[in-house]
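J.: One file: model24.cif (mmCIF, C-alpha atoms).
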```cif
data_my_file
#
loop_
_atom_site.label_atom_id
_atom_site.label_comp_id
_atom_site.auth_asym_id
_atom_site.auth_seq_id
_atom_site.Cartn_x
_atom_site.Cartn_y
_atom_site.Cartn_z
CA MET P 1 120.25 143.80 281.94
CA LYS P 2 121.59 144.20 278.42
CA LYS P 3 124.20 146.80 277.64
CA TYR P 4 123.57 149.07 274.68
CA LEU P 5 126.23 150.72 272.57
CA ILE P 6 125.00 153.47 270.27
CA ILE P 7 127.45 154.38 267.51
CA LEU P 8 127.00 157.89 266.12
CA GLN P 9 128.77 158.34 262.84
CA GLN P 10 126.85 160.97 260.90
CA ALA P 11 127.55 164.70 260.81
CA PRO P 12 125.08 166.48 263.11
CA PHE P 13 122.76 168.36 260.79
CA ALA P 14 123.12 166.71 257.39
CA ASN P 15 120.05 164.56 257.99
CA SER P 16 117.81 163.54 260.88
CA GLN P 17 119.73 160.38 261.69
CA SER P 18 122.01 161.94 264.28
CA LEU P 19 119.09 163.56 266.06
CA GLU P 20 117.17 160.29 266.06
CA ALA P 21 120.21 158.37 267.31
CA VAL P 22 120.51 160.76 270.26
CA GLU P 23 116.77 160.48 270.93
CA LEU P 24 117.11 156.71 270.89
CA ALA P 25 120.01 156.83 273.35
CA LEU P 26 118.11 159.13 275.72
CA ALA P 27 114.96 157.03 275.47
CA LEU P 28 116.87 153.83 276.24
CA ALA P 29 118.48 155.54 279.22
CA ALA P 30 115.06 156.77 280.36
CA PHE P 31 114.02 153.10 280.46
CA ALA P 32 116.95 152.53 282.83
CA GLN P 33 119.03 150.65 280.26
CA PRO P 34 122.83 150.98 280.45
CA VAL P 35 123.86 153.04 277.42
CA THR P 36 127.33 153.81 276.06
CA LEU P 37 127.91 156.30 273.24
CA LEU P 38 130.66 155.99 270.68
CA PHE P 39 131.31 158.82 268.23
CA MET P 40 133.06 157.76 265.05
CA ALA P 41 133.84 159.13 261.58
CA GLU P 42 131.86 162.32 260.83
CA GLY P 43 129.93 161.68 264.03
CA VAL P 44 132.71 163.37 266.05
CA LEU P 45 131.55 166.68 264.54
CA GLN P 46 128.47 166.40 266.75
CA LEU P 47 130.79 167.05 269.69
CA LEU P 48 131.85 170.54 268.58
CA ALA P 49 130.84 173.11 271.19
CA ASN P 50 128.70 176.16 270.44
CA GLN P 51 126.82 174.81 267.45
CA ASP P 52 123.69 176.81 266.81
CA ALA P 53 121.44 174.77 264.56
CA GLU P 54 118.63 177.27 264.89
CA LEU P 55 120.46 179.39 262.32
CA ILE P 56 119.61 176.69 259.79
CA ALA P 57 116.15 176.06 261.26
CA GLN P 58 117.10 172.82 262.94
CA ARG P 59 116.97 171.63 266.51
CA SER P 60 120.22 172.10 268.46
CA PHE P 61 120.09 168.54 269.76
CA THR P 62 123.85 168.49 270.35
CA LYS P 63 123.22 170.67 273.41
CA ALA P 64 121.76 167.56 275.04
CA PHE P 65 125.25 166.10 275.36
CA THR P 66 126.09 168.37 278.27
CA GLY P 67 123.16 166.83 280.17
CA LEU P 68 123.95 163.18 279.48
CA GLU P 69 124.87 162.55 283.11
CA LEU P 70 121.31 163.39 284.12
CA PHE P 71 120.32 160.36 282.07
CA ASP P 72 123.03 158.25 283.70
CA ILE P 73 124.96 158.11 280.44
CA SER P 74 128.54 158.54 281.61
CA ALA P 75 130.35 156.23 279.20
CA VAL P 76 131.05 158.39 276.16
CA TYR P 77 133.86 157.57 273.73
CA ALA P 78 135.22 159.23 270.60
CA ASP P 79 137.37 157.55 267.98
CA GLN P 80 140.74 159.27 268.35
CA ASP P 81 141.57 158.81 264.66
CA ALA P 82 138.40 160.67 263.70
CA LEU P 83 139.15 163.45 266.20
CA GLN P 84 142.57 163.82 264.62
CA HIS P 85 141.20 163.66 261.10
CA TYR P 86 138.92 166.62 261.81
CA LYS P 87 141.62 168.33 263.89
CA LEU P 88 139.35 168.55 266.89
CA ALA P 89 141.10 169.48 270.12
CA SER P 90 139.45 168.61 273.41
CA THR P 91 139.05 172.33 274.14
CA GLN P 92 136.74 172.67 271.14
CA LEU P 93 134.35 170.00 272.33
CA SER P 94 131.19 170.48 274.38
CA ILE P 95 131.94 167.44 276.54
CA ASN P 96 134.96 165.30 277.37
CA PRO P 97 134.60 161.97 275.61
CA ALA P 98 137.26 159.36 276.27
CA PRO P 99 139.47 159.11 273.16
CA ILE P 100 139.58 155.51 271.98
CA SER P 101 141.83 153.66 269.49
CA SER P 102 140.69 151.18 266.87
CA ALA P 103 141.94 148.28 268.97
CA GLN P 104 140.06 149.57 271.99
CA ILE P 105 136.91 150.00 269.89
CA ALA P 106 137.02 146.27 269.16
CA GLU P 107 137.13 145.62 272.91
CA LEU P 108 134.30 148.08 273.50
CA LEU P 109 132.10 146.32 270.93
CA ALA P 110 132.79 142.99 272.59
CA LYS P 111 131.67 144.34 275.97
CA HIS P 112 128.17 145.28 274.77
CA ASP P 113 125.16 143.09 274.10
CA ILE P 114 123.30 145.32 271.65
CA ILE P 115 125.11 147.55 269.19
CA LEU P 116 123.09 150.06 267.20
CA SER P 117 124.82 152.12 264.60
CA LEU P 118 122.92 155.12 263.30
CA MET A 1 116.64 131.24 268.79
CA LYS A 2 114.66 134.38 269.55
CA PHE A 3 115.40 137.39 267.31
CA THR A 4 114.57 141.09 267.49
CA ILE A 5 115.03 142.85 264.16
CA ILE A 6 115.61 146.59 263.84
CA ILE A 7 115.27 148.10 260.38
CA LYS A 8 116.79 151.50 259.59
CA HIS A 9 116.65 152.15 255.85
CA SER A 10 113.79 153.08 253.56
CA HIS A 11 112.41 151.04 250.69
CA LEU A 12 114.49 153.25 248.36
CA GLN A 13 117.76 152.43 250.11
CA ASN A 14 117.84 148.75 249.28
CA CYS A 15 116.69 147.28 252.55
CA TYR A 16 115.28 144.16 250.88
CA SER A 17 117.91 142.20 252.78
CA ALA A 18 115.99 142.77 256.04
CA LEU A 19 112.92 141.04 254.62
CA LYS A 20 115.09 138.26 253.19
CA PHE A 21 116.72 137.85 256.58
CA ALA A 22 113.40 137.69 258.40
CA THR A 23 112.08 135.17 255.88
CA ALA A 24 115.19 133.01 256.32
CA LEU A 25 114.76 133.08 260.11
CA ILE A 26 111.19 131.80 259.83
CA ARG A 27 112.24 129.14 257.34
CA GLN A 28 114.88 127.94 259.78
CA LYS A 29 112.30 127.79 262.57
CA HIS A 30 113.66 130.68 264.58
CA HIS A 31 111.31 132.91 266.49
CA ILE A 32 111.01 136.63 265.75
CA ASN A 33 109.72 138.43 268.83
CA PHE A 34 109.76 141.98 267.44
CA ILE A 35 110.31 143.85 264.20
CA TYR A 36 110.98 147.55 264.69
CA PHE A 37 111.09 150.22 261.97
CA ILE A 38 113.08 153.30 262.91
CA ASN A 39 114.56 156.32 261.04
CA ASP A 40 113.96 156.22 257.27
CA SER A 41 112.61 152.67 257.37
CA THR A 42 109.35 154.12 258.70
CA TYR A 43 108.65 155.21 255.11
CA ILE A 44 108.04 151.53 254.36
CA ALA A 45 104.94 151.59 256.58
CA ASN A 46 103.18 154.03 254.25
CA ARG A 47 100.37 152.23 252.48
CA ASN A 48 100.32 154.91 249.78
CA ILE A 49 103.59 153.71 248.31
CA ASP A 50 102.83 152.87 244.71
CA MET A 51 105.84 151.43 242.96
CA PRO A 52 106.07 150.96 239.19
CA SER A 53 104.78 147.48 238.37
CA ASP A 54 108.22 146.12 237.49
CA GLU A 55 109.76 147.22 240.80
CA CYS A 56 109.53 145.52 244.17
CA ASN A 57 106.94 147.00 246.53
CA LEU A 58 108.65 146.44 249.85
CA SER A 59 105.77 147.86 251.86
CA GLN A 60 103.36 145.36 250.37
CA GLN A 61 105.83 142.52 250.78
CA TRP A 62 106.31 143.28 254.48
CA SER A 63 102.52 143.38 254.89
CA GLU A 64 102.19 139.99 253.24
CA PHE A 65 105.02 138.62 255.36
CA ALA A 66 103.38 139.90 258.55
CA THR A 67 100.00 138.42 257.61
CA ALA A 68 101.44 135.07 256.54
CA HIS A 69 103.41 134.62 259.76
CA LYS A 70 101.05 136.45 262.13
CA LEU A 71 103.74 138.95 263.09
CA LYS A 72 103.31 142.58 264.05
CA LEU A 73 105.42 145.25 262.42
CA THR A 74 106.11 148.04 264.88
CA VAL A 75 106.91 151.53 263.69
CA CYS A 76 108.79 154.07 265.82
CA ALA A 77 106.13 156.74 266.25
CA ALA A 78 108.57 159.64 266.60
CA SER A 79 110.43 158.70 263.41
CA ALA A 80 107.20 158.06 261.50
CA LEU A 81 105.40 161.30 262.39
CA ARG A 82 108.46 163.29 261.30
CA ARG A 83 108.09 161.70 257.88
CA GLY A 84 104.38 162.27 257.46
CA ILE A 85 103.43 158.72 258.34
CA ASN A 86 100.51 158.66 260.79
CA GLU A 87 98.01 156.03 261.94
CA ASP A 88 95.81 156.74 258.93
CA CYS A 89 98.34 155.77 256.31
CA LEU A 90 99.82 152.64 257.88
CA ALA A 91 99.83 149.60 255.62
CA THR A 92 98.35 146.28 256.80
CA GLY A 93 100.35 144.70 259.60
CA PHE A 94 102.08 147.89 260.73
CA ALA A 95 101.34 149.60 264.06
CA MET A 96 102.88 152.52 265.92
CA GLY A 97 105.03 151.60 268.90
CA SER A 98 107.53 152.95 271.34
CA ILE A 99 111.10 152.47 272.44
CA GLY A 100 109.68 150.87 275.60
CA GLN A 101 108.41 147.94 273.55
CA LEU A 102 111.78 147.71 271.83
CA VAL A 103 113.60 147.54 275.16
CA GLU A 104 111.27 144.79 276.38
CA SER A 105 111.84 142.73 273.24
CA CYS A 106 115.60 143.23 273.26
CA ASP A 107 115.64 141.97 276.84
CA LEU A 108 113.94 138.74 275.84
CA ALA A 109 115.79 138.21 272.56
CA ASP A 110 118.80 135.95 272.12
CA ARG A 111 119.96 138.10 269.22
CA VAL A 112 119.24 141.69 268.17
CA VAL A 113 120.02 142.39 264.55
CA SER A 114 119.84 145.84 262.99
CA LEU A 115 120.02 146.33 259.26
#
```
Once more with this new file: its structure as structure tokens, please.

T.:
Amino acid sequence: MKKYLIILQQAPFANSQSLEAVELALALAAFAQPVTLLFMAEGVLQLLANQDAELIAQRSFTKAFTGLELFDISAVYADQDALQHYKLASTQLSINPAPISSAQIAELLAKHDIILSL
Amino acid sequence: MKFTIIIKHSHLQNCYSALKFATALIRQKHHINFIYFINDSTYIANRNIDMPSDECNLSQQWSEFATAHKLKLTVCAASALRRGINEDCLATGFAMGSIGQLVESCDLADRVVSL
């Protein structure tokens, strides 16, 4: 079975791409495909806890992250440089992604068969 | 080699390279088992796109490509419906499809390329 890596690198509510990337990840997992998530660049902002998108008439899709395990998505990584850049402490996040360095990201990419960056 | 192609950008975001890539694959006798339009690329499936005559009509060019090589162009239904693209406005060669079909094709493909 092929291993999928979904790279999320857009801020959560600037456009529909982040929402559609999460939908894609959940759909792949629903088809029993092994899925890993990697948050990079502005994408780490999706991890902020307590975001209420309904205030701006959007769907709070980031709430789905707390239920990723139900979809058997347990491999979740966040680029540690991006976390630092946005000054995000682990206590501010809705889930606990594994912080990952640039060098480790290269290894992570090499371990996956299909890499989709949205 | 067997290729699955995933297209993400609309006709207004310079995604001509995807069509060029697909054309080059055929020319080099590779096999394309699936072409999937997701996110903003689903705009390309709209047959109502009417570009100025001196600009490239990507929608029409994909349709011609699909007809010439007997390929199906599959559009992510969830992405498309969000953008006002429904069954009634699909250009020739395009059809709605699901992630399930994508998974199946990725399984069989030697390479999956997204652009």

J.: Specify as number ranges by chain each residue included when the PyMOL selection byres ((chain P) within 7 of (chain A)) is applied to this file.

T.: P: 2, 17, 20, 27, 31, 114, 116

J.: Please measure the separation of CA of Leu8 in chain P and CA of Leu12 in chain A, giving the value in Å to one decimal.

T.: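 Between CA of Leu8 in chain P and CA of Leu12 in chain A the gap works out to 22.2 Å.
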
J.: Neighbouring residues of range 71-74 of chain A were defined as those with any atom within 8 Å, considering only C-alpha atoms; residues of the same chain fewer than 4 positions away were excluded. Please report them as number ranges by chain.

T.: A: 34-37, 65-67, 93-97

J.: Mind pulling up the distance from CA of Ala11 in chain P to CA of Gly43 in chain P?

T.: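 Interatomic distance, CA of Gly43 in chain P to CA of Ala11 in chain P: 5.0 Å.
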
J.: Rounded to one decimal place, report the CA of Arg59 in chain P-CA of Ile85 in chain A distance in Å.

T.: 20.4 Å

J.: Pick from A:Gln101, A:Gln28, A:Gln61, A:Ser10: nearest to Ser41 in chain A, with all atoms listed in the file counted?

T.: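 Smallest distance to Ser41 in chain A is found for A:Ser10.
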
J.: Using all atoms listed in the file and a cutoff of 12 Å, can you tell me which residues are near (113.9, 134.5, 258.0) in the file's coordinates, and write them out as a list in words?

T.: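 The requested residues, written out, are Met1, Lys2, Phe3, Thr4, Ile5, Ser17, Ala18, Leu19, Lys20, Phe21, Ala22, Thr23, Ala24, Leu25, Ile26, Arg27, Gln28, Lys29, His30, His31, Ile32, Ile35, Phe65, Ala66, His69 and Val113 of chain A.
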
J.: P:Ile56, P:Leu5, P:Ala41, P:Leu68: which is nearest Asn96 in chain P, counting all atoms listed in the file?

T.: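 Closest to Asn96 in chain P, using all atoms listed in the file: P:Leu68.
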
J.: Apply the PyMOL selection byres ((chain P and resi 34) around 6) to the displayed file and report the matching residues as a ChimeraX atom specification.

T.: /P:3,33,35

J.: Go ahead and write the selection's residues with C-alpha atoms as a PDB file, in the frame of the given file.

T.:
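The resulting file, result10.pdb, is shown below:
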```pdb
ATOM      1  CA  LYS P   3     124.200 146.800 277.640  1.00  0.00           C
ATOM      2  CA  GLN P  33     119.030 150.650 280.260  1.00  0.00           C
ATOM      3  CA  VAL P  35     123.860 153.040 277.420  1.00  0.00           C
TER       4      VAL P  35
END
```

J.: When you count all atoms listed in the file, which of these residues is closest to Ala98 in chain P: P:Phe39, P:Tyr86, P:Phe61, P:Phe71?

T.: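 Once distances to Ala98 in chain P are computed over all atoms listed in the file, the minimum belongs to P:Phe39.
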